[in-house]
Amino acid sequence: MSAVLVLTPIIIASWPAITAAVAGAASAMGMIVNEKVKEVAKENQPTSEKTVEVELSESEIIAASITADKEIVVSKGDIEIRIKRDQDGRCVVCAKGKGHSEAELKQTAEQFSQKLTQCYIYDKVMRELKSKDFQVINEEVTNDQSIRIHVRRWVD
Amino acid sequence: MAQHEVDITISKTGEVKVHIKGVKGKGCLAYAKWLSELVGKVKNQQLTSEHYEPEVKAKIDLEQNLAIDE
């Protein structure tokens, strides 16, 4: 054993990288991507549904990679989740759904943002490991929903 | 040739635990730097005994010689 590190993820990504992670997270949570990249609906539509917003504090969506007012919409049953870039460039997850309490919507939005982060980090780490010629020895999803990757490489 | 192994666990919240194995000396820090730049911020880091083992014996000899010259 040489070193053990615990790392807190930071997402600094282009919009295409975010959409890929959203698709992965939606699939893992049994959600459907309704409209891959949707223009934001006009704000003047009246709605009685509660909306809860969760911001990924350690995130930045690169402005040059996204045109204004773009978002991705995913859903499961009557809960709809929108993923977008806020004015400060952060990634924001909004959940809404009729008949659901604010607490339920907040929990769903937080679960989705965590899964989104996990998928984003997984994609990034795997891409980098392959570029450095690591061989994947084992890969598994554990009981606590963690992804465990065991890699190896030989060096001179 | 040396075998370098890395065990990476991405928790359901996205936090990443990395266990670097078989890498001695400064090589271990290079791995740690590479992975932390890739993922984000270091929350915790523990170096173990293997880290302090010499990477290459010749290098240690050279350092010892330099120490004597001083």
# chains A, B, ... in the order shown; residues from 1 in each chain; ligands from 1
>>> interface_residues(of="chain B", to="chain A", cutoff="9 Å", atoms="only C-alpha atoms", output="PyMOL selection string")
chain B and resi 1-25+28-29+32+35-36+38-52
>>> select_by_dssp(residues="chain A", states="strand (DSSP E or B)", output="ChimeraX atom specification")
/A:3-9,11-13,32-39,51-56,59-61,70-76,79-85,91-96,135-141,147-155
>>> atom_distance(atom1="CA of Glu60 (chain A)", atom2="CA of Lys96 (chain A)")
23.1 Å
